[in-house]
file query-v3.txt (compact mmCIF, C-alpha atoms)
# COMPACT_ATOMS: atom_id res chain seq x y z
CA MET R 1487 38.12 64.93 29.40
CA ALA R 1488 39.03 61.49 30.69
CA THR R 1489 41.91 61.51 33.10
CA GLU R 1490 43.67 58.26 33.80
CA SER R 1491 43.46 57.40 37.46
CA PRO R 1492 46.92 57.45 39.03
CA ASP R 1493 48.60 54.24 40.11
CA GLY R 1494 48.19 54.12 43.88
CA VAL R 1495 50.68 51.34 44.43
CA ALA R 1496 53.38 53.26 42.53
CA MET R 1497 52.60 56.39 44.58
CA LEU R 1498 52.81 54.50 47.84
CA ALA R 1499 56.08 52.91 46.70
CA ALA R 1500 57.54 56.33 45.87
CA LEU R 1501 56.49 57.59 49.28
CA LEU R 1502 58.04 54.66 51.15
CA ARG R 1503 61.29 54.92 49.17
CA LEU R 1504 61.74 58.35 50.74
CA VAL R 1505 62.38 56.56 54.02
CA PRO R 1506 66.10 55.79 53.94
CA TYR R 1507 66.11 52.76 56.24
CA LEU R 1508 63.30 50.85 54.50
CA ARG R 1509 64.83 48.26 52.20
CA GLU R 1510 63.31 47.54 48.80
CA THR R 1511 62.23 44.09 50.05
CA ASP R 1512 60.34 45.72 52.98
CA VAL R 1513 58.62 48.08 50.58
CA GLN R 1514 57.63 45.31 48.17
CA GLU R 1515 56.34 43.10 50.94
CA PHE R 1516 54.26 45.92 52.37
CA LEU R 1517 52.84 46.91 48.98
CA ALA R 1518 51.61 43.39 48.38
CA LEU R 1519 49.31 43.70 51.40
CA TRP R 1520 47.25 46.55 49.90
CA LYS R 1521 44.85 44.28 48.15
CA ARG R 1522 41.71 46.32 47.77
CA ARG R 1523 40.94 49.46 45.78
CA VAL R 1524 38.16 51.77 46.94
CA THR R 1525 36.52 54.47 44.87
CA LEU R 1526 34.27 57.08 46.43
CA ARG R 1527 32.09 59.70 44.84
CA ARG R 1528 31.78 63.14 46.34
CA GLY R 1529 29.72 62.93 49.52
CA ASP R 1530 30.21 59.17 49.99
CA PHE R 1531 31.34 57.91 53.37
CA LEU R 1532 34.45 55.83 53.87
CA VAL R 1533 33.48 55.27 57.50
CA GLN R 1534 30.26 56.27 59.25
CA ALA R 1535 29.98 56.95 62.96
CA GLY R 1536 29.11 53.66 64.62
CA GLN R 1537 31.01 51.46 62.16
CA VAL R 1538 34.14 49.65 63.24
CA GLU R 1539 37.24 50.57 61.29
CA HIS R 1540 38.94 47.47 59.93
CA ASN R 1541 41.19 49.14 57.38
CA LEU R 1542 44.00 51.54 56.94
CA TYR R 1543 43.63 53.54 53.73
CA PHE R 1544 46.06 55.18 51.38
CA VAL R 1545 44.69 58.14 49.42
CA THR R 1546 45.70 58.00 45.76
CA SER R 1547 43.66 61.02 44.78
CA GLY R 1548 40.83 63.16 46.07
CA LEU R 1549 40.05 64.80 49.38
CA LEU R 1550 38.38 63.56 52.56
CA ARG R 1551 37.40 65.14 55.80
CA ILE R 1552 37.31 63.50 59.21
CA TYR R 1553 34.59 64.96 61.38
CA TYR R 1554 32.88 64.46 64.69
CA PRO R 1555 29.12 64.65 64.25
CA THR R 1556 27.10 66.54 66.87
CA GLN R 1557 23.48 67.68 66.96
CA ALA R 1558 24.45 71.24 66.12
CA GLU R 1559 27.32 70.80 63.68
CA GLU R 1560 29.88 68.52 62.10
CA ILE R 1561 33.22 69.36 63.69
CA CYS R 1562 36.13 68.91 61.30
CA VAL R 1563 39.09 67.31 62.98
CA GLY R 1564 41.28 66.48 60.00
CA PHE R 1565 41.71 66.12 56.25
CA GLY R 1566 43.16 63.43 54.05
CA TYR R 1567 44.47 63.93 50.51
CA ALA R 1568 46.85 62.37 47.99
CA ASN R 1569 49.79 60.57 49.61
CA ASN R 1570 48.16 60.28 53.03
CA MET R 1571 47.41 57.16 54.97
CA LEU R 1572 44.29 57.57 57.01
CA CYS R 1573 41.72 55.75 59.08
CA SER R 1574 39.36 56.42 61.92
CA PHE R 1575 42.27 55.99 64.29
CA PRO R 1576 40.64 55.36 67.70
CA SER R 1577 38.37 52.78 66.13
CA PHE R 1578 41.26 51.23 64.17
CA VAL R 1579 43.47 50.70 67.21
CA ALA R 1580 40.75 49.72 69.70
CA ASN R 1581 38.51 47.73 67.36
CA GLN R 1582 35.55 49.75 68.66
CA PRO R 1583 32.79 51.55 66.75
CA SER R 1584 34.00 54.86 65.34
CA ASP R 1585 32.86 58.19 66.80
CA TYR R 1586 34.03 59.90 63.64
CA CYS R 1587 32.87 60.04 60.05
CA LEU R 1588 35.25 59.95 57.10
CA GLN R 1589 33.61 61.54 54.09
CA ALA R 1590 34.81 62.18 50.55
CA LEU R 1591 34.71 65.88 49.63
CA LYS R 1592 35.77 65.03 46.07
CA LYS R 1593 35.87 61.87 44.03
CA CYS R 1594 38.45 59.70 45.79
CA ASP R 1595 40.67 56.78 44.88
CA LEU R 1596 42.03 54.80 47.79
CA LEU R 1597 43.86 51.60 48.58
CA ALA R 1598 42.94 49.56 51.63
CA LEU R 1599 44.96 47.36 53.94
CA SER R 1600 43.26 45.26 56.61
CA ARG R 1601 44.14 45.78 60.24
CA ALA R 1602 45.01 42.09 60.64
CA ASP R 1603 47.54 42.19 57.76
CA PHE R 1604 48.88 45.51 58.95
CA THR R 1605 49.41 44.44 62.57
CA GLU R 1606 50.99 41.17 61.55
CA PHE R 1607 53.42 42.97 59.22
CA VAL R 1608 54.44 45.68 61.68
CA GLU R 1609 55.11 43.08 64.33
CA ARG R 1610 57.50 41.03 62.27
CA ASN R 1611 59.22 43.72 60.19
CA ALA R 1612 61.58 45.79 62.34
CA PRO R 1613 62.40 48.59 59.84
CA PHE R 1614 58.71 49.02 59.24
CA ALA R 1615 57.96 49.10 62.96
CA ARG R 1616 60.48 51.96 63.18
CA PHE R 1617 58.78 53.77 60.32
CA TRP R 1618 55.39 53.34 61.97
CA ARG R 1619 56.69 54.58 65.31
CA GLN R 1620 58.13 57.68 63.63
CA GLU R 1621 54.83 58.38 61.92
CA LEU R 1622 52.99 58.02 65.23
CA GLU R 1623 55.45 60.43 66.85
CA ARG R 1624 54.84 62.89 64.05
CA VAL R 1625 51.09 62.55 64.50
CA LEU R 1626 51.38 63.00 68.25
CA VAL R 1627 53.45 66.17 67.88
CA GLY R 1628 50.88 67.41 65.38
CA ARG R 1629 48.07 66.71 67.81
CA ILE R 1630 49.86 68.59 70.60
CA GLU R 1631 50.31 71.57 68.28
CA ARG R 1632 46.66 71.35 67.42
CA GLU R 1633 45.65 71.26 71.06
CA ILE R 1634 47.50 74.54 71.56
CA ASP R 1635 45.71 75.95 68.51
CA LEU R 1636 42.37 75.13 70.02
CA LEU R 1637 43.28 76.62 73.40
CA LEU R 1638 44.15 79.97 71.87
CA PRO R 1639 41.21 82.30 72.28
CA GLU R 1640 42.05 84.55 69.31
CA PRO R 1641 40.91 83.17 65.93
CA GLU R 1642 43.69 85.07 64.13
CA ARG R 1643 46.37 83.25 66.12
CA ARG R 1644 44.77 79.90 65.42
CA LEU R 1645 44.75 80.78 61.73
CA ALA R 1646 48.35 82.04 61.76
CA ARG R 1647 49.57 78.80 63.31
CA LEU R 1648 47.79 76.66 60.73
CA LEU R 1649 49.12 78.86 57.92
CA ALA R 1650 52.64 78.40 59.24
CA ARG R 1651 52.28 74.66 59.77
CA SER R 1652 50.25 73.52 56.75
CA PRO R 1653 49.96 76.27 54.14
CA HIS R 1654 49.02 73.74 51.44
CA ILE R 1655 45.74 72.98 53.26
CA PHE R 1656 44.40 76.31 52.00
CA GLN R 1657 44.97 75.24 48.39
CA LEU R 1658 43.25 71.90 48.86
CA VAL R 1659 40.33 72.27 51.22
CA PRO R 1660 37.19 74.43 50.83
CA LYS R 1661 37.15 77.34 53.27
CA LYS R 1662 34.07 76.29 55.20
CA TYR R 1663 35.75 73.08 56.35
CA ILE R 1664 38.93 74.92 57.30
CA ALA R 1665 36.77 77.32 59.32
CA SER R 1666 35.22 74.40 61.17
CA TYR R 1667 38.66 72.89 61.74
CA LEU R 1668 39.82 76.20 63.22
CA ARG R 1669 36.69 76.55 65.38
CA MET R 1670 35.52 79.77 63.78
CA THR R 1671 32.69 80.72 61.49
CA PRO R 1672 33.33 80.90 57.73
CA GLU R 1673 32.63 84.63 58.00
CA THR R 1674 35.41 85.12 60.55
CA LEU R 1675 37.83 83.14 58.39
CA SER R 1676 37.01 85.17 55.31
CA ARG R 1677 37.42 88.41 57.29
CA LEU R 1678 40.87 87.31 58.51
CA ARG R 1679 42.16 86.01 55.18
CA MET H 1357 65.50 100.26 33.79
CA LEU H 1358 69.02 101.08 32.63
CA SER H 1359 70.65 98.21 30.66
CA THR H 1360 73.68 97.97 32.96
CA VAL H 1361 71.47 97.81 36.05
CA LEU H 1362 69.26 95.17 34.45
CA LEU H 1363 72.22 92.98 33.47
CA ARG H 1364 73.65 93.27 36.98
CA GLN H 1365 70.31 92.33 38.50
CA LEU H 1366 69.81 89.36 36.17
CA THR H 1367 73.35 88.14 36.85
CA ASP H 1368 72.67 88.16 40.60
CA GLN H 1369 69.40 86.31 40.08
CA VAL H 1370 70.94 83.61 37.90
CA GLN H 1371 73.81 83.24 40.34
CA GLU H 1372 71.25 82.70 43.07
CA LEU H 1373 69.37 80.11 40.99
CA HIS H 1374 72.61 78.21 40.56
CA THR H 1375 73.55 78.43 44.23
CA THR H 1376 70.09 77.42 45.42
CA ALA H 1377 69.86 74.38 43.13
CA GLU H 1378 73.38 73.32 44.05
CA SER H 1379 73.05 73.75 47.80
CA GLN H 1380 69.43 72.78 48.39
CA LEU H 1381 68.58 70.22 45.71
CA GLN H 1382 71.87 68.56 44.77
CA PRO H 1383 72.45 66.96 48.22
CA LEU H 1384 69.01 65.31 48.30
CA PRO H 1385 68.54 61.60 47.57
CA LEU H 1386 66.97 60.64 44.23
CA PRO H 1387 63.60 59.42 45.64
CA VAL H 1388 63.11 62.85 47.25
CA LEU H 1389 63.91 64.63 43.98
CA ASN H 1390 61.48 62.34 42.15
CA PHE H 1391 58.66 62.72 44.68
CA LYS H 1392 55.37 64.11 43.33
CA PRO H 1393 53.38 65.88 46.07
CA THR H 1394 50.14 65.02 44.28
CA PRO H 1395 49.59 62.78 41.25
CA GLY H 1396 49.00 65.81 39.05
CA SER H 1397 51.94 67.92 40.17
CA TRP H 1398 55.60 67.79 39.19
CA SER H 1399 58.48 66.39 41.16
CA ALA H 1400 61.53 68.61 41.74
CA LEU H 1401 63.32 66.94 38.82
CA GLU H 1402 60.31 67.38 36.55
CA CYS H 1403 60.32 71.11 37.35
CA LEU H 1404 64.00 71.27 36.38
CA GLU H 1405 63.46 69.21 33.23
CA HIS H 1406 60.67 71.60 32.22
CA LEU H 1407 63.12 74.48 32.60
CA ASN H 1408 65.82 72.56 30.73
CA ARG H 1409 63.52 72.13 27.75
CA TYR H 1410 63.01 75.88 27.64
CA SER H 1411 66.69 76.59 28.19
CA ARG H 1412 67.69 74.36 25.28
CA PHE H 1413 65.63 76.62 23.04
CA TYR H 1414 66.14 80.04 24.59
CA ASN H 1415 69.83 79.73 25.38
CA ALA H 1416 70.45 78.95 21.72
CA GLU H 1417 68.16 81.79 20.62
CA LEU H 1418 69.85 84.25 22.97
CA THR H 1419 73.33 83.21 21.87
CA THR H 1420 72.41 83.84 18.23
CA ALA H 1421 70.73 87.13 19.09
CA LEU H 1422 73.74 88.35 21.03
CA HIS H 1423 76.24 87.37 18.33
CA ALA H 1424 74.20 88.77 15.48
CA GLN H 1425 74.67 92.39 16.46
CA PRO H 1426 77.68 94.62 16.94
CA GLN H 1427 78.62 95.09 20.61
CA THR H 1428 78.61 98.85 20.44
CA ALA H 1429 75.63 99.86 22.57
CA THR H 1430 76.17 102.23 25.45
CA PRO H 1431 74.06 102.04 28.66
CA HIS H 1432 70.47 102.63 27.62
CA GLU H 1433 66.94 102.46 28.99
CA VAL H 1434 65.40 99.00 28.51
CA GLY H 1435 61.66 98.79 27.89
CA PHE H 1436 58.98 96.17 27.40
CA SER H 1437 56.88 95.50 24.34
CA TRP H 1438 53.26 94.50 24.90
CA LEU H 1439 54.12 90.87 24.18
CA GLY H 1440 57.19 90.95 26.39
CA ARG H 1441 55.29 92.41 29.31
CA LYS H 1442 52.55 89.85 28.85
CA SER H 1443 54.99 86.92 28.72
CA TYR H 1444 56.93 88.19 31.71
CA ASP H 1445 53.83 88.77 33.85
CA THR H 1446 52.60 85.26 33.07
CA VAL H 1447 55.65 83.52 34.47
CA ARG H 1448 56.68 85.84 37.31
CA PRO H 1449 57.05 83.83 40.53
CA ASP H 1450 54.72 86.18 42.41
CA ASN H 1451 51.92 85.42 39.96
CA GLY H 1452 50.12 82.55 41.68
CA LYS H 1453 47.97 81.72 38.70
CA LYS H 1454 48.51 78.25 37.27
CA HIS H 1455 49.00 77.71 33.56
CA ARG H 1456 48.63 74.69 31.39
CA THR H 1457 51.93 73.53 29.91
CA ILE H 1458 52.26 72.74 26.21
CA THR H 1459 52.62 68.98 25.80
CA HIS H 1460 56.18 68.93 24.50
CA MET H 1461 57.32 71.06 27.45
CA ASN H 1462 55.55 68.88 30.01
CA PRO H 1463 58.01 66.40 31.47
CA ALA H 1464 55.43 64.62 33.68
CA GLY H 1465 56.03 60.91 33.73
CA SER H 1466 59.47 60.94 32.14
CA GLN H 1467 62.18 58.96 33.88
CA LEU H 1468 64.53 61.50 35.34
CA GLY H 1469 67.84 61.13 37.08
CA THR H 1470 70.27 63.64 38.52
CA GLU H 1471 71.38 64.51 34.97
CA ALA H 1472 68.38 66.86 34.82
CA LEU H 1473 69.86 68.74 37.77
CA HIS H 1474 73.32 68.83 36.21
CA GLU H 1475 71.88 70.10 32.96
CA PHE H 1476 70.02 72.83 34.86
CA LEU H 1477 73.24 73.97 36.53
CA GLN H 1478 74.99 73.93 33.15
CA HIS H 1479 72.28 76.14 31.62
CA GLN H 1480 72.73 78.66 34.44
CA LYS H 1481 76.47 78.83 33.77
CA CYS H 1482 75.73 79.37 30.12
CA LEU H 1483 73.28 82.17 30.99
CA LEU H 1484 75.86 83.82 33.23
CA GLU H 1485 78.40 83.82 30.38
CA MET H 1486 75.81 85.32 28.07
CA LEU H 1487 74.92 88.04 30.54
CA ALA H 1488 78.60 88.89 30.98
CA ALA H 1489 78.98 89.16 27.21
CA ALA H 1490 75.88 91.32 26.76
CA GLN H 1491 77.27 94.59 28.08
CA GLY H 1492 77.56 96.12 24.64
CA THR H 1493 74.30 94.69 23.30
CA ASN H 1494 71.24 96.75 22.47
CA LEU H 1495 68.70 95.03 24.72
CA ASN H 1496 65.74 96.63 22.98
CA ARG H 1497 66.37 94.86 19.69
CA LYS H 1498 63.69 92.35 18.74
CA ALA H 1499 65.71 89.25 18.10
CA VAL H 1500 64.50 86.30 20.19
CA ARG H 1501 61.84 84.03 18.74
CA ILE H 1502 59.10 82.74 21.01
CA GLU H 1503 59.22 79.01 21.58
CA PHE H 1504 55.58 78.16 20.94
CA PHE H 1505 55.03 80.61 18.08
CA LYS H 1506 58.25 81.23 16.27
CA LEU H 1507 56.93 84.03 14.06
CA LEU H 1508 56.80 86.31 17.08
CA LYS H 1509 59.89 87.84 18.56
CA LEU H 1510 60.83 89.24 21.94
CA ARG H 1511 63.36 91.96 22.62
CA VAL H 1512 66.65 90.62 23.94
CA GLY H 1513 66.21 92.31 27.35
CA GLU H 1514 62.67 91.15 27.93
CA ALA H 1515 63.54 87.64 26.75
CA LEU H 1516 66.27 87.52 29.39
CA GLN H 1517 63.86 88.70 32.06
CA PHE H 1518 61.26 86.20 30.92
CA VAL H 1519 63.71 83.29 31.06
CA VAL H 1520 65.02 84.19 34.52
CA ALA H 1521 61.57 84.81 36.03
CA HIS H 1522 60.35 81.51 34.59
CA GLU H 1523 63.30 79.72 36.17
CA GLN H 1524 62.68 81.38 39.52
CA ARG H 1525 59.07 80.31 39.37
CA HIS H 1526 59.75 76.64 38.78
CA LEU H 1527 62.79 76.44 41.02
CA GLN H 1528 60.54 77.59 43.87
CA GLN H 1529 58.08 74.88 42.86
CA ALA H 1530 60.90 72.31 42.83
CA LEU H 1531 61.97 73.34 46.34
CA ARG H 1532 58.39 73.03 47.58
CA ALA H 1533 58.06 69.53 46.09
CA ALA H 1534 61.33 68.39 47.67
CA HIS H 1535 60.38 70.01 50.97
CA GLN H 1536 57.04 68.21 51.03
CA ALA H 1537 58.80 64.92 50.36
CA THR H 1538 60.82 65.31 53.53
CA THR H 1539 58.29 66.91 55.85
CA ALA H 1540 54.77 65.99 54.79
CA PRO H 1541 53.11 63.74 57.35
CA ILE H 1542 52.03 60.46 55.87
CA LEU H 1543 49.60 59.33 58.51
CA VAL H 1544 46.45 61.33 59.21
CA VAL H 1545 44.26 60.49 62.16
call {"tool": "encode", "arguments": {"input": "query-v3.txt", "output": "structure tokens"}}
result
Amino acid sequence: MATESPDGVAMLAALLRLVPYLRETDVQEFLALWKRRVTLRRGDFLVQAGQVEHNLYFVTSGLLRIYYPTQAEEICVGFGYANNMLCSFPSFVANQPSDYCLQALKKCDLLALSRADFTEFVERNAPFARFWRQELERVLVGRIEREIDLLLPEPERRLARLLARSPHIFQLVPKKYIASYLRMTPETLSRLR
Amino acid sequence: MLSTVLLRQLTDQVQELHTTAESQLQPLPLPVLNFKPTPGSWSALECLEHLNRYSRFYNAELTTALHAQPQTATPHEVGFSWLGRKSYDTVRPDNGKKHRTITHMNPAGSQLGTEALHEFLQHQKCLLEMLAAAQGTNLNRKAVRIEFFKLLKLRVGEALQFVVAHEQRHLQQALRAAHQATTAPILVV
């Protein structure tokens, strides 16, 4: 059955209109910068380790994982799904090769915005700069929470905290990736669930 | 369950549906109420519109069913038919299984404003009046046609339970959608 691919620009617009202080002109101006559409098949990479990240992406549909590749395993550090903006962040801000891989776990539709356009826009649009700062604060708080998760020795407490914080993850992401994200084996996760 | 107990319980549940929608959804701005957590899922207003479409049918059916019989029943045990049990189990909010919606009951993509919310509240008031008037009704009488197959009928009592459980189910979904609109992180790093 053919499903029509959702309109990413409309989704992004709906998302930005949730932010009370962004004016319609700010939203329209920002939307115009998302010039490129990217489609990934399952297993495709959005960013490979070693590549420099030049784009910020908006996920229209699908699911991606962000992982840190090591000899022994691929350590999941995050997931992106519909209505998320994502990028290999350290690479994006520092213009350095990425240590992380971004891989599609399902067929994905994304929109892309170049770093140059993004930076230029955030620097001249004050309401948007405020929005971006708030998102960064939210991410930072999330990362602090996550650091606590990882410092807890008991897998069940790590799981309980994730369940409380992001219950929807369990509907979206296959268990083996959640297990990796929680630093436990899939067997331990399935025993605890 | 005894008819009087059931009516009391349903009244409390509908009252709660009304209170919840009024206190938790009504104050929210329109973009939040229209926000779809994923492209394939419903916004809070779409959830309510879905319920409204059912209410338009079932409230009318229930009104007819309640008026068509003499109000002489005394408190009696209310049971389920096979069909009633099946319908009720399908829509109960604690049943996590997803179901496909019939096209004409699927509001996805329709332009919705706060009138969908007002209509929902109106339907709840209507239900409350019906429940108050149903004290003398025999709740085991088969008198309510099923929306998608009108040759089949539900008992009055099980139809009421079906309608209320279905509303609880999608009101929860509406609250989740609105909650995600206000709390979901946008940026992932």
call {"tool": "closest_atom_pairs", "arguments": {"input": "query-v3.txt", "of": "chain R", "to": "chain H", "cutoff": "8 Å", "atoms": "all atoms listed in the file", "output": "Markdown table"}}
result
| residue | atom | partner | partner_atom | distance |
| --- | --- | --- | --- | --- |
| R:Pro1492 | CA | H:Pro1395 | CA | 6.4 |
| R:Met1497 | CA | H:Pro1395 | CA | 7.8 |
| R:Ala1500 | CA | H:Phe1391 | CA | 6.6 |
| R:Leu1501 | CA | H:Phe1391 | CA | 7.2 |
| R:Arg1503 | CA | H:Pro1387 | CA | 6.2 |
| R:Leu1504 | CA | H:Pro1387 | CA | 5.5 |
| R:Thr1546 | CA | H:Pro1395 | CA | 7.6 |
| R:Ser1547 | CA | H:Pro1395 | CA | 7.1 |
| R:Gly1564 | CA | H:Val1545 | CA | 7.0 |
| R:Phe1565 | CA | H:Val1544 | CA | 7.4 |
| R:Gly1566 | CA | H:Val1544 | CA | 6.5 |
| R:Ala1568 | CA | H:Thr1394 | CA | 5.6 |
| R:Asn1569 | CA | H:Ile1542 | CA | 6.6 |
| R:Asn1570 | CA | H:Ile1542 | CA | 4.8 |
| R:Met1571 | CA | H:Leu1543 | CA | 4.7 |
| R:Leu1572 | CA | H:Val1544 | CA | 4.9 |
| R:Cys1573 | CA | H:Val1545 | CA | 6.2 |
| R:Ser1574 | CA | H:Val1545 | CA | 6.4 |
| R:Phe1575 | CA | H:Val1545 | CA | 5.4 |
| R:Glu1621 | CA | H:Leu1543 | CA | 6.3 |
| R:Leu1622 | CA | H:Leu1543 | CA | 7.6 |
| R:Arg1624 | CA | H:Pro1541 | CA | 7.0 |
| R:Val1625 | CA | H:Leu1543 | CA | 7.0 |
call {"tool": "atom_distance", "arguments": {"input": "query-v3.txt", "atom1": "CA of Ala1515 (chain H)", "atom2": "CA of Tyr1414 (chain H)"}}
result
8.3 Å
call {"tool": "residues_around", "arguments": {"input": "query-v3.txt", "residues": "Leu1649 (chain R)", "least_positions_apart": "4", "cutoff": "12 Å", "atoms": "all atoms listed in the file", "output": "number ranges by chain"}}
result
R: 1635, 1642-1645, 1653-1657, 1664, 1668, 1678-1679
call {"tool": "atom_distance", "arguments": {"input": "query-v3.txt", "atom1": "CA of Trp1520 (chain R)", "atom2": "CA of Leu1658 (chain R)"}}
result
25.7 Å
call {"tool": "atom_distance", "arguments": {"input": "query-v3.txt", "atom1": "CA of Ala1602 (chain R)", "atom2": "CA of Ser1584 (chain R)"}}
result
17.5 Å
call {"tool": "closest_residue", "arguments": {"input": "query-v3.txt", "among": "R:Arg1509, R:Glu1631, R:Cys1562, R:Cys1594", "to": "Lys1661 (chain R)", "atoms": "only C-alpha atoms"}}
result
R:Cys1562
call {"tool": "residues_around", "arguments": {"input": "query-v3.txt", "residues": "region 1504-1509 of chain H", "least_positions_apart": "5", "cutoff": "10 Å", "atoms": "all atoms listed in the file", "output": "list in words"}}
result
Leu1439, Gly1440, Ile1458, His1460, Met1461, Arg1497, Lys1498, Ala1499 and Ala1515 of chain H
call {"tool": "residues_around", "arguments": {"input": "query-v3.txt", "residues": "Leu1418 (chain H)", "least_positions_apart": "2", "cutoff": "12 Å", "atoms": "all atoms listed in the file", "output": "MDAnalysis selection string"}}
result
chainID H and resid 1410:1416 1420:1425 1482:1487 1489:1490 1493 1495 1497:1503 1509:1519
call {"tool": "residues_around", "arguments": {"input": "query-v3.txt", "residues": "Ala1518 (chain R)", "least_positions_apart": "5", "cutoff": "12 Å", "atoms": "all atoms listed in the file", "output": "PyMOL selection string"}}
result
chain R and resi 1495-1496+1498-1499+1511-1513+1597-1600+1603-1604+1607
call {"tool": "axis_aligned_box", "arguments": {"input": "query-v3.txt", "around": "region 1515-1526 of chain H", "padding_each_side": "5 Å", "output": "JSON"}}
result
{"center_x": 62.7, "center_y": 82.7, "center_z": 33.1, "size_x": 17.2, "size_y": 22.1, "size_z": 22.8}
call {"tool": "closest_residue", "arguments": {"input": "query-v3.txt", "among": "H:Ala1472, H:Val1520, H:Ala1429, H:Ala1530", "to": "Asp1368 (chain H)", "atoms": "all atoms listed in the file"}}
result
H:Val1520
call {"tool": "closest_residue", "arguments": {"input": "query-v3.txt", "among": "R:Tyr1553, R:Ala1615, R:Ala1665, R:Ser1652", "to": "Gly1628 (chain R)", "atoms": "only C-alpha atoms"}}
result
R:Ser1652
call {"tool": "closest_residue", "arguments": {"input": "query-v3.txt", "among": "H:Val1434, H:Ala1521, H:Leu1531, H:Ala1377", "to": "Met1357 (chain H)", "atoms": "all atoms listed in the file"}}
result
H:Val1434
call {"tool": "residues_around", "arguments": {"input": "query-v3.txt", "residues": "Thr1360 (chain H)", "least_positions_apart": "4", "cutoff": "7 Å", "atoms": "all atoms listed in the file", "output": "number ranges by chain"}}
result
H: 1364, 1431, 1491
call {"tool": "residues_near_point", "arguments": {"input": "query-v3.txt", "point": "(63.3, 70.4, 30.2)", "cutoff": "12 Å", "atoms": "only C-alpha atoms", "output": "PDB file with C-alpha atoms, in the coordinates of the input"}}
result
ATOM      1  CA  ALA H1400      61.530  68.610  41.740  1.00  0.00           C
ATOM      2  CA  LEU H1401      63.320  66.940  38.820  1.00  0.00           C
ATOM      3  CA  GLU H1402      60.310  67.380  36.550  1.00  0.00           C
ATOM      4  CA  CYS H1403      60.320  71.110  37.350  1.00  0.00           C
ATOM      5  CA  LEU H1404      64.000  71.270  36.380  1.00  0.00           C
ATOM      6  CA  GLU H1405      63.460  69.210  33.230  1.00  0.00           C
ATOM      7  CA  HIS H1406      60.670  71.600  32.220  1.00  0.00           C
ATOM      8  CA  LEU H1407      63.120  74.480  32.600  1.00  0.00           C
ATOM      9  CA  ASN H1408      65.820  72.560  30.730  1.00  0.00           C
ATOM     10  CA  ARG H1409      63.520  72.130  27.750  1.00  0.00           C
ATOM     11  CA  TYR H1410      63.010  75.880  27.640  1.00  0.00           C
ATOM     12  CA  SER H1411      66.690  76.590  28.190  1.00  0.00           C
ATOM     13  CA  ARG H1412      67.690  74.360  25.280  1.00  0.00           C
ATOM     14  CA  PHE H1413      65.630  76.620  23.040  1.00  0.00           C
ATOM     15  CA  TYR H1414      66.140  80.040  24.590  1.00  0.00           C
ATOM     16  CA  THR H1457      51.930  73.530  29.910  1.00  0.00           C
ATOM     17  CA  ILE H1458      52.260  72.740  26.210  1.00  0.00           C
ATOM     18  CA  THR H1459      52.620  68.980  25.800  1.00  0.00           C
ATOM     19  CA  HIS H1460      56.180  68.930  24.500  1.00  0.00           C
ATOM     20  CA  MET H1461      57.320  71.060  27.450  1.00  0.00           C
ATOM     21  CA  ASN H1462      55.550  68.880  30.010  1.00  0.00           C
ATOM     22  CA  PRO H1463      58.010  66.400  31.470  1.00  0.00           C
ATOM     23  CA  ALA H1464      55.430  64.620  33.680  1.00  0.00           C
ATOM     24  CA  SER H1466      59.470  60.940  32.140  1.00  0.00           C
ATOM     25  CA  LEU H1468      64.530  61.500  35.340  1.00  0.00           C
ATOM     26  CA  GLU H1471      71.380  64.510  34.970  1.00  0.00           C
ATOM     27  CA  ALA H1472      68.380  66.860  34.820  1.00  0.00           C
ATOM     28  CA  LEU H1473      69.860  68.740  37.770  1.00  0.00           C
ATOM     29  CA  HIS H1474      73.320  68.830  36.210  1.00  0.00           C
ATOM     30  CA  GLU H1475      71.880  70.100  32.960  1.00  0.00           C
ATOM     31  CA  PHE H1476      70.020  72.830  34.860  1.00  0.00           C
ATOM     32  CA  HIS H1479      72.280  76.140  31.620  1.00  0.00           C
ATOM     33  CA  GLU H1523      63.300  79.720  36.170  1.00  0.00           C
ATOM     34  CA  HIS H1526      59.750  76.640  38.780  1.00  0.00           C
TER      35      HIS H1526
END
call {"tool": "decode", "arguments": {"input": "query-v3.txt", "residues": "region 1502-1508 of chain H", "atoms": "N, CA and C atoms", "output": "PDB file, in the first residue's frame"}}
result
ATOM      1  N   ILE H1502     -25.381  -0.708  16.031  1.00  0.00           N
ATOM      2  CA  ILE H1502     -23.941  -0.496  15.949  1.00  0.00           C
ATOM      3  C   ILE H1502     -23.633   0.378  14.754  1.00  0.00           C
ATOM      4  N   GLU H1503     -22.728   1.328  14.951  1.00  0.00           N
ATOM      5  CA  GLU H1503     -22.477   2.339  13.928  1.00  0.00           C
ATOM      6  C   GLU H1503     -22.074   1.725  12.591  1.00  0.00           C
ATOM      7  N   PHE H1504     -21.105   0.795  12.618  1.00  0.00           N
ATOM      8  CA  PHE H1504     -20.565   0.335  11.336  1.00  0.00           C
ATOM      9  C   PHE H1504     -21.343  -0.829  10.727  1.00  0.00           C
ATOM     10  N   PHE H1505     -22.301  -1.379  11.488  1.00  0.00           N
ATOM     11  CA  PHE H1505     -23.116  -2.457  10.933  1.00  0.00           C
ATOM     12  C   PHE H1505     -24.473  -2.379  11.602  1.00  0.00           C
ATOM     13  N   LYS H1506     -25.369  -1.622  10.985  1.00  0.00           N
ATOM     14  CA  LYS H1506     -26.562  -1.190  11.692  1.00  0.00           C
ATOM     15  C   LYS H1506     -27.612  -2.286  11.877  1.00  0.00           C
ATOM     16  N   LEU H1507     -27.318  -3.481  11.334  1.00  0.00           N
ATOM     17  CA  LEU H1507     -28.273  -4.580  11.565  1.00  0.00           C
ATOM     18  C   LEU H1507     -28.056  -5.180  12.951  1.00  0.00           C
ATOM     19  N   LEU H1508     -26.896  -4.954  13.517  1.00  0.00           N
ATOM     20  CA  LEU H1508     -26.598  -5.509  14.835  1.00  0.00           C
ATOM     21  C   LEU H1508     -26.949  -4.501  15.915  1.00  0.00           C
TER      22      LEU H1508
END
